Amino acid sequence: LLFGDLPVRGSGKDVEVVPADPKADAARLLKGFAARAYRRPRPEKELLRFLPVIEGRLAAGASFKEAMLAGYTAVLCSPEFLTLHAAPG
């Protein structure tokens with residue numbers, strides 16, 4: 001679920017994820033994760049709004065795994081995930 005079909009080396013906490021195209025793979029994985037996390041239809045723009053978090057971590061030298069976990073954490077901490085916006089009544 002977290003890393004899709006990407007090759008994974010190692011085990012436990014020492015797992016290394018090997019993306020073929022880090023930017024494209026990050027966008028694809030984030031979009032799938034966010035869609036499942038929200039459990040309701042969301043615009044693609046909203047699903048990908050956390051991509052800069054991942055790209056920033058990669059630019060700072062984080063591993064692909066660490067960058068994706070930062071992006072997933074941002075999704076799970078977002079107000080849109082934590083609260084339900086329903087119409088009154």
# chains A, B, ... in the order shown; residues from 1 in each chain; ligands from 1
$ select_by_dssp --residues "chain A" --states "strand (DSSP E)" --output "PyMOL selection string"
chain A and resi 8-9+16-17
$ select_by_dssp --residues "chain A" --states "alpha helix (DSSP H)" --output "VMD selection string"
chain A and resid 22 to 38 44 to 47 51 to 59 64 to 77 79 to 82
$ atom_distance --atom1 "CA of Ala87 in chain A" --atom2 "CA of Phe50 in chain A"
25.9 Å
$ atom_distance --atom1 "CA of Phe3 in chain A" --atom2 "CA of Val75 in chain A"
15.3 Å
$ closest_residue --among "A:Leu82, A:Cys77, A:Ala24, A:Arg40" --to "Ile54 in chain A" --atoms "only C-alpha atoms"
A:Ala24
$ closest_residue --among "A:Glu44, A:Glu80, A:Glu16, A:Asp21" --to "Glu66 in chain A" --atoms "only C-alpha atoms"
A:Glu16
